[in-house]
Amino acid sequence: MTNKHLNDAEIQQYVLQITNCDVDIIEHVQHCTNCKIKAEQYRFLFDGIREQEKPVFDFNLAELVMEQLPKCQQKVSNETPLFYSIVSIVIFFVCIFFYLFGNNLLTLFEGITPVLIGLIITTVTSILVFLCIDMYKKHQAQMKALNFN
Ligand SMILES: [Zn+2]
């Protein structure tokens, strides 16, 4: 048993975690009225703290936060019109091209065999489709990065 009085940290440990306490500390508290009174005061204080009501907001925090967040539907409506506008612009330019050069195209392809024309059309179409899909996917990824999702 220590003859020196316990400090505050030791008394708090005695009150809160008596199982982890040093044997010297326990023996001292049992024999010293001064430290026993201090321990009782701490016990009373900790009980009072435990009985305190936990602070609760008097408003619905989750609801308020959700109101501040941007709506998911807006994100969807932001993406699809852009895709359709790109597609319509491409179709518009293709139509203008055929309107202006349609007659000349026929004379241009006269000398080329039909198999070659088929090959050219297939290649160009597949490249265009691939580029459009790739661009749209990149655009979606960037929009997602902007929205922190
Ligand atoms: Zn003491």
# chains A, B, ... in the order shown; residues from 1 in each chain; ligands from 1

$ residues_near_ligand --ligand "ligand 1" --cutoff "12 Å" --atoms "only C-alpha atoms and all ligand atoms" --output "list in words"
Met1, Thr2, Asn3, Lys4, His5, Leu6, Asn7, Asp8, Glu10, Ile11, Asp24, Ile25, Ile26, Glu27, His28, Val29, Gln30, His31, Cys32, Thr33, Asn34, Cys35, Lys36, Ile37, Lys38 and Ala39 of chain A

$ residues_around --residues "A:Asp47" --least-positions-apart "6" --cutoff "12 Å" --atoms "only C-alpha atoms" --output "MDAnalysis selection string"
chainID A and resid 15:16 40:41

$ write_last_selection --atoms "N, CA, C and O atoms" --output "PDB file, in the first residue's frame"
ATOM      1  N   VAL A  15     -12.481   4.486  -9.877  1.00  0.00           N
ATOM      2  CA  VAL A  15     -13.952   4.548  -9.961  1.00  0.00           C
ATOM      3  C   VAL A  15     -14.450   3.906 -11.255  1.00  0.00           C
ATOM      4  O   VAL A  15     -15.418   3.143 -11.248  1.00  0.00           O
ATOM      5  N   LEU A  16     -13.782   4.215 -12.377  1.00  0.00           N
ATOM      6  CA  LEU A  16     -14.298   3.789 -13.692  1.00  0.00           C
ATOM      7  C   LEU A  16     -13.862   2.376 -14.071  1.00  0.00           C
ATOM      8  O   LEU A  16     -14.633   1.621 -14.661  1.00  0.00           O
ATOM      9  N   GLU A  40     -15.798   8.581  -3.785  1.00  0.00           N
ATOM     10  CA  GLU A  40     -17.264   8.662  -3.727  1.00  0.00           C
ATOM     11  C   GLU A  40     -17.781   9.877  -4.483  1.00  0.00           C
ATOM     12  O   GLU A  40     -18.784   9.809  -5.196  1.00  0.00           O
ATOM     13  N   GLN A  41     -17.056  11.018  -4.346  1.00  0.00           N
ATOM     14  CA  GLN A  41     -17.458  12.241  -5.059  1.00  0.00           C
ATOM     15  C   GLN A  41     -17.385  12.035  -6.575  1.00  0.00           C
ATOM     16  O   GLN A  41     -18.276  12.426  -7.319  1.00  0.00           O
TER      17      GLN A  41
END

$ atom_distance --atom1 "atom CA of A:Ala141" --atom2 "atom CA of A:Val94"
27.6 Å

$ closest_residue --among "A:Phe101, A:Tyr14, A:Phe59, A:Phe130" --to "A:Arg43" --atoms "only C-alpha atoms"
A:Tyr14

$ select_by_dssp --residues "stretch 19-100 of chain A" --states "helix (DSSP H, G or I)" --output "PyMOL selection string"
chain A and resi 19-20+23-31+33-51+61-68+72-100

$ atom_distance --atom1 "atom CA of A:Phe83" --atom2 "atom CA of A:Cys132"
9.3 Å

$ atom_distance --atom1 "atom CA of A:Val124" --atom2 "atom CA of A:Asn103"
20.2 Å

$ residues_around --residues "A:Met135" --least-positions-apart "6" --cutoff "12 Å" --atoms "only C-alpha atoms" --output "VMD selection string"
chain A and resid 82 to 83 86 to 87 128 to 129 141 to 142

$ decode --residues "stretch 36-49 of chain A" --atoms "all heavy atoms" --output "PDB file, in the first residue's frame"
ATOM      1  N   LYS A  36     -11.063   7.818  -0.088  1.00  0.00           N
ATOM      2  CA  LYS A  36     -12.361   7.152  -0.231  1.00  0.00           C
ATOM      3  C   LYS A  36     -13.449   8.182  -0.497  1.00  0.00           C
ATOM      4  O   LYS A  36     -14.313   7.987  -1.357  1.00  0.00           O
ATOM      5  CB  LYS A  36     -12.664   6.356   1.044  1.00  0.00           C
ATOM      6  CG  LYS A  36     -13.709   5.272   0.834  1.00  0.00           C
ATOM      7  CD  LYS A  36     -14.008   4.534   2.125  1.00  0.00           C
ATOM      8  CE  LYS A  36     -13.041   3.395   2.358  1.00  0.00           C
ATOM      9  NZ  LYS A  36     -13.299   2.683   3.627  1.00  0.00           N
ATOM     10  N   ILE A  37     -13.387   9.329   0.212  1.00  0.00           N
ATOM     11  CA  ILE A  37     -14.375  10.399   0.019  1.00  0.00           C
ATOM     12  C   ILE A  37     -14.261  10.961  -1.397  1.00  0.00           C
ATOM     13  O   ILE A  37     -15.258  11.156  -2.095  1.00  0.00           O
ATOM     14  CB  ILE A  37     -14.179  11.512   1.073  1.00  0.00           C
ATOM     15  CG1 ILE A  37     -14.634  10.999   2.434  1.00  0.00           C
ATOM     16  CG2 ILE A  37     -14.951  12.769   0.691  1.00  0.00           C
ATOM     17  CD1 ILE A  37     -14.223  11.906   3.585  1.00  0.00           C
ATOM     18  N   LYS A  38     -12.990  11.164  -1.814  1.00  0.00           N
ATOM     19  CA  LYS A  38     -12.773  11.669  -3.185  1.00  0.00           C
ATOM     20  C   LYS A  38     -13.359  10.712  -4.223  1.00  0.00           C
ATOM     21  O   LYS A  38     -14.002  11.120  -5.185  1.00  0.00           O
ATOM     22  CB  LYS A  38     -11.274  11.843  -3.449  1.00  0.00           C
ATOM     23  CG  LYS A  38     -10.739  13.215  -3.145  1.00  0.00           C
ATOM     24  CD  LYS A  38      -9.321  13.323  -3.684  1.00  0.00           C
ATOM     25  CE  LYS A  38      -8.765  14.731  -3.575  1.00  0.00           C
ATOM     26  NZ  LYS A  38      -7.389  14.798  -4.079  1.00  0.00           N
ATOM     27  N   ALA A  39     -13.142   9.408  -4.007  1.00  0.00           N
ATOM     28  CA  ALA A  39     -13.650   8.397  -4.939  1.00  0.00           C
ATOM     29  C   ALA A  39     -15.171   8.423  -4.976  1.00  0.00           C
ATOM     30  O   ALA A  39     -15.781   8.314  -6.052  1.00  0.00           O
ATOM     31  CB  ALA A  39     -13.152   7.014  -4.547  1.00  0.00           C
ATOM     32  N   GLU A  40     -15.798   8.581  -3.785  1.00  0.00           N
ATOM     33  CA  GLU A  40     -17.264   8.662  -3.727  1.00  0.00           C
ATOM     34  C   GLU A  40     -17.781   9.877  -4.483  1.00  0.00           C
ATOM     35  O   GLU A  40     -18.784   9.809  -5.196  1.00  0.00           O
ATOM     36  CB  GLU A  40     -17.728   8.707  -2.257  1.00  0.00           C
ATOM     37  CG  GLU A  40     -17.703   7.353  -1.545  1.00  0.00           C
ATOM     38  CD  GLU A  40     -18.495   6.289  -2.291  1.00  0.00           C
ATOM     39  OE1 GLU A  40     -19.651   6.562  -2.682  1.00  0.00           O
ATOM     40  OE2 GLU A  40     -17.930   5.203  -2.525  1.00  0.00           O
ATOM     41  N   GLN A  41     -17.056  11.018  -4.346  1.00  0.00           N
ATOM     42  CA  GLN A  41     -17.458  12.241  -5.059  1.00  0.00           C
ATOM     43  C   GLN A  41     -17.385  12.035  -6.575  1.00  0.00           C
ATOM     44  O   GLN A  41     -18.276  12.426  -7.319  1.00  0.00           O
ATOM     45  CB  GLN A  41     -16.551  13.406  -4.645  1.00  0.00           C
ATOM     46  CG  GLN A  41     -16.860  13.923  -3.252  1.00  0.00           C
ATOM     47  CD  GLN A  41     -15.836  14.933  -2.759  1.00  0.00           C
ATOM     48  OE1 GLN A  41     -14.734  15.022  -3.305  1.00  0.00           O
ATOM     49  NE2 GLN A  41     -16.207  15.679  -1.739  1.00  0.00           N
ATOM     50  N   TYR A  42     -16.289  11.365  -7.011  1.00  0.00           N
ATOM     51  CA  TYR A  42     -16.152  11.097  -8.459  1.00  0.00           C
ATOM     52  C   TYR A  42     -17.258  10.167  -8.942  1.00  0.00           C
ATOM     53  O   TYR A  42     -17.820  10.364 -10.027  1.00  0.00           O
ATOM     54  CB  TYR A  42     -14.781  10.481  -8.765  1.00  0.00           C
ATOM     55  CG  TYR A  42     -13.742  11.512  -9.148  1.00  0.00           C
ATOM     56  CD1 TYR A  42     -12.631  11.732  -8.344  1.00  0.00           C
ATOM     57  CD2 TYR A  42     -13.868  12.248 -10.312  1.00  0.00           C
ATOM     58  CE1 TYR A  42     -11.678  12.667  -8.683  1.00  0.00           C
ATOM     59  CE2 TYR A  42     -12.920  13.192 -10.656  1.00  0.00           C
ATOM     60  CZ  TYR A  42     -11.829  13.399  -9.836  1.00  0.00           C
ATOM     61  OH  TYR A  42     -10.898  14.333 -10.191  1.00  0.00           O
ATOM     62  N   ARG A  43     -17.580   9.144  -8.124  1.00  0.00           N
ATOM     63  CA  ARG A  43     -18.628   8.199  -8.509  1.00  0.00           C
ATOM     64  C   ARG A  43     -19.958   8.925  -8.678  1.00  0.00           C
ATOM     65  O   ARG A  43     -20.693   8.688  -9.644  1.00  0.00           O
ATOM     66  CB  ARG A  43     -18.741   7.082  -7.451  1.00  0.00           C
ATOM     67  CG  ARG A  43     -19.605   5.918  -7.903  1.00  0.00           C
ATOM     68  CD  ARG A  43     -19.458   4.726  -6.972  1.00  0.00           C
ATOM     69  NE  ARG A  43     -18.187   4.044  -7.190  1.00  0.00           N
ATOM     70  CZ  ARG A  43     -17.382   3.615  -6.212  1.00  0.00           C
ATOM     71  NH1 ARG A  43     -17.712   3.792  -4.943  1.00  0.00           N
ATOM     72  NH2 ARG A  43     -16.264   2.984  -6.498  1.00  0.00           N
ATOM     73  N   PHE A  44     -20.242   9.836  -7.724  1.00  0.00           N
ATOM     74  CA  PHE A  44     -21.470  10.633  -7.766  1.00  0.00           C
ATOM     75  C   PHE A  44     -21.498  11.487  -9.038  1.00  0.00           C
ATOM     76  O   PHE A  44     -22.509  11.569  -9.746  1.00  0.00           O
ATOM     77  CB  PHE A  44     -21.541  11.508  -6.509  1.00  0.00           C
ATOM     78  CG  PHE A  44     -22.800  12.298  -6.378  1.00  0.00           C
ATOM     79  CD1 PHE A  44     -24.016  11.660  -6.100  1.00  0.00           C
ATOM     80  CD2 PHE A  44     -22.800  13.677  -6.542  1.00  0.00           C
ATOM     81  CE1 PHE A  44     -25.180  12.386  -5.985  1.00  0.00           C
ATOM     82  CE2 PHE A  44     -23.970  14.402  -6.429  1.00  0.00           C
ATOM     83  CZ  PHE A  44     -25.160  13.765  -6.150  1.00  0.00           C
ATOM     84  N   LEU A  45     -20.336  12.101  -9.346  1.00  0.00           N
ATOM     85  CA  LEU A  45     -20.226  12.949 -10.542  1.00  0.00           C
ATOM     86  C   LEU A  45     -20.459  12.149 -11.822  1.00  0.00           C
ATOM     87  O   LEU A  45     -21.229  12.549 -12.705  1.00  0.00           O
ATOM     88  CB  LEU A  45     -18.831  13.591 -10.561  1.00  0.00           C
ATOM     89  CG  LEU A  45     -18.524  14.526 -11.729  1.00  0.00           C
ATOM     90  CD1 LEU A  45     -19.291  15.835 -11.574  1.00  0.00           C
ATOM     91  CD2 LEU A  45     -17.029  14.805 -11.801  1.00  0.00           C
ATOM     92  N   PHE A  46     -19.815  10.970 -11.912  1.00  0.00           N
ATOM     93  CA  PHE A  46     -19.952  10.159 -13.133  1.00  0.00           C
ATOM     94  C   PHE A  46     -21.381   9.657 -13.297  1.00  0.00           C
ATOM     95  O   PHE A  46     -21.894   9.587 -14.415  1.00  0.00           O
ATOM     96  CB  PHE A  46     -18.964   8.985 -13.105  1.00  0.00           C
ATOM     97  CG  PHE A  46     -17.535   9.410 -13.270  1.00  0.00           C
ATOM     98  CD1 PHE A  46     -16.525   8.816 -12.529  1.00  0.00           C
ATOM     99  CD2 PHE A  46     -17.189  10.399 -14.171  1.00  0.00           C
ATOM    100  CE1 PHE A  46     -15.205   9.201 -12.684  1.00  0.00           C
ATOM    101  CE2 PHE A  46     -15.872  10.795 -14.334  1.00  0.00           C
ATOM    102  CZ  PHE A  46     -14.880  10.201 -13.578  1.00  0.00           C
ATOM    103  N   ASP A  47     -22.049   9.296 -12.177  1.00  0.00           N
ATOM    104  CA  ASP A  47     -23.444   8.874 -12.256  1.00  0.00           C
ATOM    105  C   ASP A  47     -24.318  10.011 -12.784  1.00  0.00           C
ATOM    106  O   ASP A  47     -25.206   9.794 -13.611  1.00  0.00           O
ATOM    107  CB  ASP A  47     -23.938   8.426 -10.878  1.00  0.00           C
ATOM    108  CG  ASP A  47     -23.367   7.060 -10.488  1.00  0.00           C
ATOM    109  OD1 ASP A  47     -22.832   6.378 -11.393  1.00  0.00           O
ATOM    110  OD2 ASP A  47     -23.434   6.697  -9.298  1.00  0.00           O
ATOM    111  N   GLY A  48     -24.014  11.226 -12.291  1.00  0.00           N
ATOM    112  CA  GLY A  48     -24.768  12.392 -12.751  1.00  0.00           C
ATOM    113  C   GLY A  48     -24.589  12.623 -14.238  1.00  0.00           C
ATOM    114  O   GLY A  48     -25.550  12.914 -14.959  1.00  0.00           O
ATOM    115  N   ILE A  49     -23.361  12.457 -14.724  1.00  0.00           N
ATOM    116  CA  ILE A  49     -23.086  12.636 -16.162  1.00  0.00           C
ATOM    117  C   ILE A  49     -23.830  11.587 -16.970  1.00  0.00           C
ATOM    118  O   ILE A  49     -24.420  11.877 -18.004  1.00  0.00           O
ATOM    119  CB  ILE A  49     -21.570  12.559 -16.431  1.00  0.00           C
ATOM    120  CG1 ILE A  49     -20.872  13.783 -15.843  1.00  0.00           C
ATOM    121  CG2 ILE A  49     -21.279  12.457 -17.926  1.00  0.00           C
ATOM    122  CD1 ILE A  49     -19.367  13.706 -15.823  1.00  0.00           C
TER     123      ILE A  49
END
